[in-house]
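Visitor: One file: model18.pdb (PDB, C-alpha atoms).
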```pdb
ATOM      1  CA  MET V   1     -48.515 -45.526 -17.352  1.00  0.00           C
ATOM      2  CA  PRO V   2     -50.896 -43.214 -19.217  1.00  0.00           C
ATOM      3  CA  ARG V   3     -53.043 -40.776 -17.349  1.00  0.00           C
ATOM      4  CA  THR V   4     -56.503 -41.943 -16.570  1.00  0.00           C
ATOM      5  CA  ALA V   5     -59.653 -39.871 -16.513  1.00  0.00           C
ATOM      6  CA  GLU V   6     -59.348 -39.828 -12.735  1.00  0.00           C
ATOM      7  CA  THR V   7     -55.815 -38.357 -12.783  1.00  0.00           C
ATOM      8  CA  ALA V   8     -56.015 -36.165 -15.897  1.00  0.00           C
ATOM      9  CA  SER V   9     -56.239 -32.938 -13.881  1.00  0.00           C
ATOM     10  CA  PHE V  10     -53.479 -33.750 -11.357  1.00  0.00           C
ATOM     11  CA  LYS V  11     -50.471 -31.367 -11.279  1.00  0.00           C
ATOM     12  CA  PHE V  12     -47.413 -31.027  -9.093  1.00  0.00           C
ATOM     13  CA  ASN V  13     -48.220 -27.612  -7.675  1.00  0.00           C
ATOM     14  CA  HIS V  14     -45.679 -26.748  -4.996  1.00  0.00           C
ATOM     15  CA  THR V  15     -42.999 -27.760  -2.524  1.00  0.00           C
ATOM     16  CA  MET V  16     -42.847 -26.227   0.947  1.00  0.00           C
ATOM     17  CA  LEU V  17     -39.679 -25.374   2.872  1.00  0.00           C
ATOM     18  CA  ARG V  18     -39.627 -23.984   6.405  1.00  0.00           C
ATOM     19  CA  VAL V  19     -37.334 -20.977   6.784  1.00  0.00           C
ATOM     20  CA  LYS V  20     -35.821 -19.329   9.854  1.00  0.00           C
ATOM     21  CA  ASP V  21     -35.787 -15.731   8.588  1.00  0.00           C
ATOM     22  CA  ALA V  22     -38.323 -14.863   5.903  1.00  0.00           C
ATOM     23  CA  GLN V  23     -36.621 -11.650   4.791  1.00  0.00           C
ATOM     24  CA  VAL V  24     -33.229 -13.327   4.309  1.00  0.00           C
ATOM     25  CA  SER V  25     -34.826 -16.217   2.392  1.00  0.00           C
ATOM     26  CA  LEU V  26     -37.000 -13.947   0.244  1.00  0.00           C
ATOM     27  CA  LYS V  27     -33.950 -11.905  -0.721  1.00  0.00           C
ATOM     28  CA  PHE V  28     -32.099 -15.087  -1.702  1.00  0.00           C
ATOM     29  CA  TYR V  29     -34.914 -16.556  -3.790  1.00  0.00           C
ATOM     30  CA  THR V  30     -35.874 -13.280  -5.499  1.00  0.00           C
ATOM     31  CA  GLU V  31     -32.506 -11.539  -5.929  1.00  0.00           C
ATOM     32  CA  ILE V  32     -30.121 -14.504  -6.251  1.00  0.00           C
ATOM     33  CA  LEU V  33     -32.373 -16.990  -8.070  1.00  0.00           C
ATOM     34  CA  GLY V  34     -34.684 -14.476  -9.786  1.00  0.00           C
ATOM     35  CA  MET V  35     -37.967 -15.922  -8.589  1.00  0.00           C
ATOM     36  CA  ASP V  36     -41.065 -13.760  -8.220  1.00  0.00           C
ATOM     37  CA  LEU V  37     -43.082 -13.501  -5.015  1.00  0.00           C
ATOM     38  CA  VAL V  38     -46.524 -14.388  -6.369  1.00  0.00           C
ATOM     39  CA  ALA V  39     -48.540 -14.530  -3.143  1.00  0.00           C
ATOM     40  CA  LYS V  40     -48.289 -14.078   0.606  1.00  0.00           C
ATOM     41  CA  SER V  41     -50.666 -15.375   3.258  1.00  0.00           C
ATOM     42  CA  GLU V  42     -50.287 -14.118   6.824  1.00  0.00           C
ATOM     43  CA  PHE V  43     -51.614 -15.926   9.876  1.00  0.00           C
ATOM     44  CA  ASP V  44     -51.205 -15.306  13.609  1.00  0.00           C
ATOM     45  CA  SER V  45     -48.187 -17.543  14.133  1.00  0.00           C
ATOM     46  CA  PHE V  46     -46.808 -18.071  10.624  1.00  0.00           C
ATOM     47  CA  THR V  47     -46.642 -16.561   7.144  1.00  0.00           C
ATOM     48  CA  LEU V  48     -46.613 -18.378   3.806  1.00  0.00           C
ATOM     49  CA  TYR V  49     -44.709 -16.977   0.824  1.00  0.00           C
ATOM     50  CA  PHE V  50     -45.313 -18.427  -2.641  1.00  0.00           C
ATOM     51  CA  LEU V  51     -42.580 -17.947  -5.247  1.00  0.00           C
ATOM     52  CA  ALA V  52     -42.318 -18.955  -8.893  1.00  0.00           C
ATOM     53  CA  PHE V  53     -40.442 -18.222 -12.089  1.00  0.00           C
ATOM     54  CA  GLU V  54     -42.970 -16.192 -14.085  1.00  0.00           C
ATOM     55  CA  HIS V  55     -40.916 -15.898 -17.331  1.00  0.00           C
ATOM     56  CA  GLY V  56     -43.354 -13.506 -18.988  1.00  0.00           C
ATOM     57  CA  ARG V  57     -46.346 -15.797 -18.544  1.00  0.00           C
ATOM     58  CA  ASP V  58     -49.661 -14.536 -17.320  1.00  0.00           C
ATOM     59  CA  ALA V  59     -49.202 -13.335 -13.778  1.00  0.00           C
ATOM     60  CA  THR V  60     -49.742 -15.866 -11.037  1.00  0.00           C
ATOM     61  CA  THR V  61     -52.423 -14.554  -8.714  1.00  0.00           C
ATOM     62  CA  PRO V  62     -54.011 -15.859  -5.522  1.00  0.00           C
ATOM     63  CA  ALA V  63     -56.943 -16.904  -7.710  1.00  0.00           C
ATOM     64  CA  ASN V  64     -54.892 -19.059 -10.120  1.00  0.00           C
ATOM     65  CA  ARG V  65     -51.778 -20.069  -8.157  1.00  0.00           C
ATOM     66  CA  PHE V  66     -53.106 -23.523  -7.311  1.00  0.00           C
ATOM     67  CA  GLY V  67     -53.739 -24.219 -10.990  1.00  0.00           C
ATOM     68  CA  ARG V  68     -50.112 -23.930 -12.095  1.00  0.00           C
ATOM     69  CA  GLU V  69     -46.977 -25.962 -11.505  1.00  0.00           C
ATOM     70  CA  GLY V  70     -43.539 -25.142 -10.135  1.00  0.00           C
ATOM     71  CA  ILE V  71     -44.276 -23.055  -7.058  1.00  0.00           C
ATOM     72  CA  LEU V  72     -42.021 -22.885  -4.020  1.00  0.00           C
ATOM     73  CA  GLU V  73     -43.762 -22.201  -0.714  1.00  0.00           C
ATOM     74  CA  LEU V  74     -41.635 -20.781   2.082  1.00  0.00           C
ATOM     75  CA  THR V  75     -43.191 -21.118   5.535  1.00  0.00           C
ATOM     76  CA  HIS V  76     -41.948 -18.793   8.244  1.00  0.00           C
ATOM     77  CA  ASN V  77     -42.947 -19.555  11.822  1.00  0.00           C
ATOM     78  CA  HIS V  78     -42.895 -16.170  13.530  1.00  0.00           C
ATOM     79  CA  GLY V  79     -40.141 -15.664  16.077  1.00  0.00           C
ATOM     80  CA  THR V  80     -37.610 -18.157  14.734  1.00  0.00           C
ATOM     81  CA  GLU V  81     -35.550 -15.337  13.200  1.00  0.00           C
ATOM     82  CA  SER V  82     -34.867 -13.806  16.626  1.00  0.00           C
ATOM     83  CA  ASP V  83     -34.811 -16.883  18.861  1.00  0.00           C
ATOM     84  CA  PRO V  84     -31.188 -17.528  19.943  1.00  0.00           C
ATOM     85  CA  ALA V  85     -32.110 -21.087  20.976  1.00  0.00           C
ATOM     86  CA  PHE V  86     -33.549 -21.941  17.543  1.00  0.00           C
ATOM     87  CA  ALA V  87     -31.060 -24.280  15.837  1.00  0.00           C
ATOM     88  CA  GLY V  88     -32.654 -24.201  12.384  1.00  0.00           C
ATOM     89  CA  TYR V  89     -34.454 -26.798  10.345  1.00  0.00           C
ATOM     90  CA  ALA V  90     -33.152 -30.136   9.082  1.00  0.00           C
ATOM     91  CA  SER V  91     -32.251 -29.854   5.400  1.00  0.00           C
ATOM     92  CA  GLY V  92     -32.901 -33.551   4.879  1.00  0.00           C
ATOM     93  CA  ASN V  93     -29.311 -34.254   3.860  1.00  0.00           C
ATOM     94  CA  ALA V  94     -27.822 -35.095   7.260  1.00  0.00           C
ATOM     95  CA  ASP V  95     -28.777 -37.075  10.323  1.00  0.00           C
ATOM     96  CA  PRO V  96     -31.036 -36.638  12.136  1.00  0.00           C
ATOM     97  CA  GLY V  97     -33.690 -35.873   9.578  1.00  0.00           C
ATOM     98  CA  ARG V  98     -32.212 -37.437   6.460  1.00  0.00           C
ATOM     99  CA  GLY V  99     -34.865 -37.831   3.784  1.00  0.00           C
ATOM    100  CA  PHE V 100     -35.600 -34.747   1.704  1.00  0.00           C
ATOM    101  CA  GLY V 101     -32.777 -34.104  -0.757  1.00  0.00           C
ATOM    102  CA  HIS V 102     -33.029 -30.940  -2.809  1.00  0.00           C
ATOM    103  CA  ILE V 103     -34.946 -28.773  -5.205  1.00  0.00           C
ATOM    104  CA  ALA V 104     -33.502 -28.049  -8.658  1.00  0.00           C
ATOM    105  CA  ILE V 105     -33.350 -25.240 -11.171  1.00  0.00           C
ATOM    106  CA  THR V 106     -32.238 -25.410 -14.773  1.00  0.00           C
ATOM    107  CA  VAL V 107     -30.273 -22.656 -16.480  1.00  0.00           C
ATOM    108  CA  ASP V 108     -29.013 -21.909 -19.985  1.00  0.00           C
ATOM    109  CA  ASP V 109     -25.354 -21.635 -18.911  1.00  0.00           C
ATOM    110  CA  VAL V 110     -24.304 -23.482 -15.737  1.00  0.00           C
ATOM    111  CA  ASP V 111     -20.787 -22.009 -15.785  1.00  0.00           C
ATOM    112  CA  ALA V 112     -22.123 -18.440 -15.945  1.00  0.00           C
ATOM    113  CA  ALA V 113     -24.759 -19.113 -13.284  1.00  0.00           C
ATOM    114  CA  CYS V 114     -22.173 -20.611 -10.918  1.00  0.00           C
ATOM    115  CA  ALA V 115     -19.758 -17.733 -11.533  1.00  0.00           C
ATOM    116  CA  ARG V 116     -22.567 -15.315 -10.625  1.00  0.00           C
ATOM    117  CA  PHE V 117     -23.416 -17.306  -7.493  1.00  0.00           C
ATOM    118  CA  GLU V 118     -19.738 -17.264  -6.519  1.00  0.00           C
ATOM    119  CA  GLN V 119     -19.547 -13.496  -7.069  1.00  0.00           C
ATOM    120  CA  LEU V 120     -22.675 -12.995  -4.914  1.00  0.00           C
ATOM    121  CA  GLY V 121     -21.203 -15.045  -2.060  1.00  0.00           C
ATOM    122  CA  VAL V 122     -23.621 -17.976  -2.347  1.00  0.00           C
ATOM    123  CA  ARG V 123     -22.488 -21.067  -0.441  1.00  0.00           C
ATOM    124  CA  PHE V 124     -21.811 -24.182  -2.521  1.00  0.00           C
ATOM    125  CA  GLN V 125     -22.371 -27.776  -1.494  1.00  0.00           C
ATOM    126  CA  LYS V 126     -20.813 -28.996  -4.757  1.00  0.00           C
ATOM    127  CA  ARG V 127     -19.013 -26.853  -7.304  1.00  0.00           C
ATOM    128  CA  LEU V 128     -18.772 -27.802 -10.968  1.00  0.00           C
ATOM    129  CA  THR V 129     -15.182 -28.878 -10.396  1.00  0.00           C
ATOM    130  CA  ASP V 130     -16.098 -31.264  -7.542  1.00  0.00           C
ATOM    131  CA  GLY V 131     -16.826 -34.951  -8.033  1.00  0.00           C
ATOM    132  CA  THR V 132     -17.354 -36.770 -11.302  1.00  0.00           C
ATOM    133  CA  MET V 133     -20.432 -34.906 -12.568  1.00  0.00           C
ATOM    134  CA  LYS V 134     -18.832 -31.721 -13.896  1.00  0.00           C
ATOM    135  CA  ASN V 135     -22.019 -30.280 -15.403  1.00  0.00           C
ATOM    136  CA  ILE V 136     -24.073 -29.873 -12.216  1.00  0.00           C
ATOM    137  CA  ALA V 137     -23.622 -27.886  -9.029  1.00  0.00           C
ATOM    138  CA  PHE V 138     -25.401 -27.651  -5.707  1.00  0.00           C
ATOM    139  CA  ILE V 139     -25.785 -24.343  -3.904  1.00  0.00           C
ATOM    140  CA  LEU V 140     -27.205 -23.773  -0.433  1.00  0.00           C
ATOM    141  CA  ASP V 141     -30.007 -21.425   0.494  1.00  0.00           C
ATOM    142  CA  PRO V 142     -29.815 -19.439   3.769  1.00  0.00           C
ATOM    143  CA  ASP V 143     -31.329 -22.371   5.710  1.00  0.00           C
ATOM    144  CA  GLY V 144     -28.965 -24.946   4.228  1.00  0.00           C
ATOM    145  CA  TYR V 145     -31.415 -26.485   1.757  1.00  0.00           C
ATOM    146  CA  TRP V 146     -29.650 -27.845  -1.313  1.00  0.00           C
ATOM    147  CA  ILE V 147     -30.505 -26.417  -4.733  1.00  0.00           C
ATOM    148  CA  GLU V 148     -29.255 -28.356  -7.729  1.00  0.00           C
ATOM    149  CA  VAL V 149     -28.199 -26.210 -10.690  1.00  0.00           C
ATOM    150  CA  LEU V 150     -28.122 -28.012 -14.016  1.00  0.00           C
ATOM    151  CA  PRO V 151     -28.302 -27.132 -17.707  1.00  0.00           C
ATOM    152  CA  ASN V 152     -31.627 -26.893 -19.526  1.00  0.00           C
ATOM    153  CA  ASN V 153     -30.412 -29.606 -21.898  1.00  0.00           C
ATOM    154  CA  PHE V 154     -29.128 -31.999 -19.206  1.00  0.00           C
ATOM    155  CA  LYS V 155     -28.897 -35.643 -20.264  1.00  0.00           C
ATOM    156  CA  VAL V 156     -28.976 -38.415 -17.660  1.00  0.00           C
TER     157      VAL V 156
END
```
Rewrite the coordinates I just gave you, this time as structure tokens.

Guide:
Amino acid sequence: MPRTAETASFKFNHTMLRVKDAQVSLKFYTEILGMDLVAKSEFDSFTLYFLAFEHGRDATTPANRFGREGILELTHNHGTESDPAFAGYASGNADPGRGFGHIAITVDDVDAACARFEQLGVRFQKRLTDGTMKNIAFILDPDGYWIEVLPNNFKV
């Protein structure tokens, strides 16, 4: 269906994931995946972290971040990182809480990316050698959210 005048300005801006330990998650998304922290908003009981792949584009700023696409928002509810009774969040891929599936990144070389993830000790949900789809992998972030890794030229 073509865009209408009413929907012409609509964009998919961001996805939000709740995280137990902001520092552990930020390290994963910036150092392992190479995302940039483009904004941070602190409140009394929670902090929001906005990450994106900048790729040399004009810098994402608090003033323009809601005008672009492809942002990941990590929400940290203060205290979860040190609460021994906190069991973590549902990833959406197991009961109870099945629903949300994964986020995805594309890379130039899936084999090289997966070898790097392996070297860095990243947990895998599905390696390239698992299952019938040998050109995609799923890694897990520190909270157990699935991240699909597939080639830039993937064909369904």

Visitor: Counting all atoms listed in the file, which residues of range 39-136 of chain V fall within 8 Å of range 145-155 of chain V, and what is the closest atom pair for each with its distance in Å at one decimal, ordered by chain and rising number, as a Markdown table?

Guide:
```
| residue | atom | partner | partner_atom | distance |
| --- | --- | --- | --- | --- |
| V:Ser91 | CA | V:Tyr145 | CA | 5.0 |
| V:Gly92 | CA | V:Tyr145 | CA | 7.9 |
| V:Gly101 | CA | V:Trp146 | CA | 7.0 |
| V:His102 | CA | V:Trp146 | CA | 4.8 |
| V:Ile103 | CA | V:Ile147 | CA | 5.0 |
| V:Ala104 | CA | V:Glu148 | CA | 4.4 |
| V:Ile105 | CA | V:Val149 | CA | 5.3 |
| V:Thr106 | CA | V:Leu150 | CA | 4.9 |
| V:Val107 | CA | V:Pro151 | CA | 5.0 |
| V:Asp108 | CA | V:Asn152 | CA | 5.6 |
| V:Asp109 | CA | V:Pro151 | CA | 6.4 |
| V:Val110 | CA | V:Pro151 | CA | 5.8 |
| V:Gln125 | CA | V:Trp146 | CA | 7.3 |
| V:Asn135 | CA | V:Leu150 | CA | 6.7 |
| V:Ile136 | CA | V:Leu150 | CA | 4.8 |
```

Visitor: Would you mind exporting the chosen residues as an mmCIF file, in the coordinates of the input, restricted to C-alpha atoms?

Guide:
```cif
data_model
loop_
_atom_site.group_PDB
_atom_site.id
_atom_site.type_symbol
_atom_site.label_atom_id
_atom_site.label_comp_id
_atom_site.auth_asym_id
_atom_site.auth_seq_id
_atom_site.Cartn_x
_atom_site.Cartn_y
_atom_site.Cartn_z
ATOM 1 C CA SER V 91 -32.251 -29.854 5.400
ATOM 2 C CA GLY V 92 -32.901 -33.551 4.879
ATOM 3 C CA GLY V 101 -32.777 -34.104 -0.757
ATOM 4 C CA HIS V 102 -33.029 -30.940 -2.809
ATOM 5 C CA ILE V 103 -34.946 -28.773 -5.205
ATOM 6 C CA ALA V 104 -33.502 -28.049 -8.658
ATOM 7 C CA ILE V 105 -33.350 -25.240 -11.171
ATOM 8 C CA THR V 106 -32.238 -25.410 -14.773
ATOM 9 C CA VAL V 107 -30.273 -22.656 -16.480
ATOM 10 C CA ASP V 108 -29.013 -21.909 -19.985
ATOM 11 C CA ASP V 109 -25.354 -21.635 -18.911
ATOM 12 C CA VAL V 110 -24.304 -23.482 -15.737
ATOM 13 C CA GLN V 125 -22.371 -27.776 -1.494
ATOM 14 C CA ASN V 135 -22.019 -30.280 -15.403
ATOM 15 C CA ILE V 136 -24.073 -29.873 -12.216
#
```

Visitor: Please evaluate the PyMOL selection byres ((chain V and resi 76) around 9) against the structure above and give the resulting residues as a PyMOL selection string.

Guide: chain V and resi 17-22+45-49+74-75+77-81

Visitor: Have a look at CA of Gln119 in chain V and CA of Gly88 in chain V and let me know their distance in Å, one decimal.

Guide: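 Between CA of Gln119 in chain V and CA of Gly88 in chain V the gap works out to 25.8 Å.
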
Visitor: Box in all listed atoms of range 58-67 of chain V, axis-aligned, with 5 Å more on each side; write out centre and edge lengths in Å to one decimal as lines of an AutoDock Vina configuration file.

Guide:
```
center_x = -53.1
center_y = -18.8
center_z = -11.4
size_x = 17.7
size_y = 20.9
size_z = 21.8
```

Visitor: So the first atom is CA of Ala137 in chain V and the second is CA of Ile71 in chain V; what is the distance between them in Å, to one decimal place?

Guide: 21.3 Å

Visitor: Would you translate the PyMOL selection byres ((chain V and resi 34) around 10) into the concrete set of residues it matches in this file, as a list of chain:residue names?

Guide: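 Given this file, the PyMOL selection byres ((chain V and resi 34) around 10) evaluates to V:Lys27, V:Phe28, V:Tyr29, V:Thr30, V:Glu31, V:Ile32, V:Leu33, V:Met35, V:Asp36, V:Leu37, V:Leu51, V:Ala52, V:Phe53, V:Glu54, V:His55.
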
Visitor: Store the residues of this selection in a file with C-alpha atoms, as a PDB file, keeping the file's coordinate frame.

Guide:
```
ATOM      1  CA  LYS V  27     -33.950 -11.905  -0.721  1.00  0.00           C
ATOM      2  CA  PHE V  28     -32.099 -15.087  -1.702  1.00  0.00           C
ATOM      3  CA  TYR V  29     -34.914 -16.556  -3.790  1.00  0.00           C
ATOM      4  CA  THR V  30     -35.874 -13.280  -5.499  1.00  0.00           C
ATOM      5  CA  GLU V  31     -32.506 -11.539  -5.929  1.00  0.00           C
ATOM      6  CA  ILE V  32     -30.121 -14.504  -6.251  1.00  0.00           C
ATOM      7  CA  LEU V  33     -32.373 -16.990  -8.070  1.00  0.00           C
ATOM      8  CA  MET V  35     -37.967 -15.922  -8.589  1.00  0.00           C
ATOM      9  CA  ASP V  36     -41.065 -13.760  -8.220  1.00  0.00           C
ATOM     10  CA  LEU V  37     -43.082 -13.501  -5.015  1.00  0.00           C
ATOM     11  CA  LEU V  51     -42.580 -17.947  -5.247  1.00  0.00           C
ATOM     12  CA  ALA V  52     -42.318 -18.955  -8.893  1.00  0.00           C
ATOM     13  CA  PHE V  53     -40.442 -18.222 -12.089  1.00  0.00           C
ATOM     14  CA  GLU V  54     -42.970 -16.192 -14.085  1.00  0.00           C
ATOM     15  CA  HIS V  55     -40.916 -15.898 -17.331  1.00  0.00           C
TER      16      HIS V  55
END
```

Visitor: Taking (-48.5, -10.3, -0.9) in the file's coordinates, which residues come within 10 Å, counting all atoms listed in the file, written as a list in words?

Guide: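 Counting all atoms listed in the file, I find these residues within 10 Å of (-48.5, -10.3, -0.9): Leu37, Val38, Ala39, Lys40, Ser41, Glu42, Leu48, Tyr49, Phe50, Thr61 and Pro62 of chain V.
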
Visitor: In Å, how far is it from CA of Tyr89 in chain V to CA of Thr60 in chain V?

Guide: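 Those two atoms sit 28.5 Å apart.
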
Visitor: Pick out the closest residue to Gly67 in chain V from this set: V:Arg116, V:Lys126, V:Lys11, V:Arg98. Count all atoms listed in the file.

Guide: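 Comparing V:Arg116, V:Lys126, V:Lys11, V:Arg98 against Gly67 in chain V, the winner is V:Lys11.
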
Visitor: Run the PyMOL selection byres ((chain V and resi 124) around 7) on the file and write out the hits as a PyMOL selection string.

Guide: chain V and resi 122-123+125-127+138-140

Visitor: Atoms to include: C-alpha atoms. Write the selected residues as a PDB file, in the frame of the given file.

Guide:
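Ended up saving to out-v8.pdb:
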```pdb
ATOM      1  CA  VAL V 122     -23.621 -17.976  -2.347  1.00  0.00           C
ATOM      2  CA  ARG V 123     -22.488 -21.067  -0.441  1.00  0.00           C
ATOM      3  CA  GLN V 125     -22.371 -27.776  -1.494  1.00  0.00           C
ATOM      4  CA  LYS V 126     -20.813 -28.996  -4.757  1.00  0.00           C
ATOM      5  CA  ARG V 127     -19.013 -26.853  -7.304  1.00  0.00           C
ATOM      6  CA  PHE V 138     -25.401 -27.651  -5.707  1.00  0.00           C
ATOM      7  CA  ILE V 139     -25.785 -24.343  -3.904  1.00  0.00           C
ATOM      8  CA  LEU V 140     -27.205 -23.773  -0.433  1.00  0.00           C
TER       9      LEU V 140
END
```

Visitor: Between V:Gly97, V:Gly121, V:Ala113, V:Ala90, which residue has the minimum interatomic distance to Gly144 in chain V, considering all atoms listed in the file?

Guide: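 Going through V:Gly97, V:Gly121, V:Ala113, V:Ala90 one by one, the smallest distance to Gly144 in chain V is for V:Ala90.
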
Visitor: Here is a test: counting only C-alpha atoms, which residue of V:Asp58, V:Asp44, V:Asp83, V:Glu69 is nearest to Ser9 in chain V?

Guide: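 Among V:Asp58, V:Asp44, V:Asp83, V:Glu69, it is V:Glu69 that comes nearest to Ser9 in chain V.
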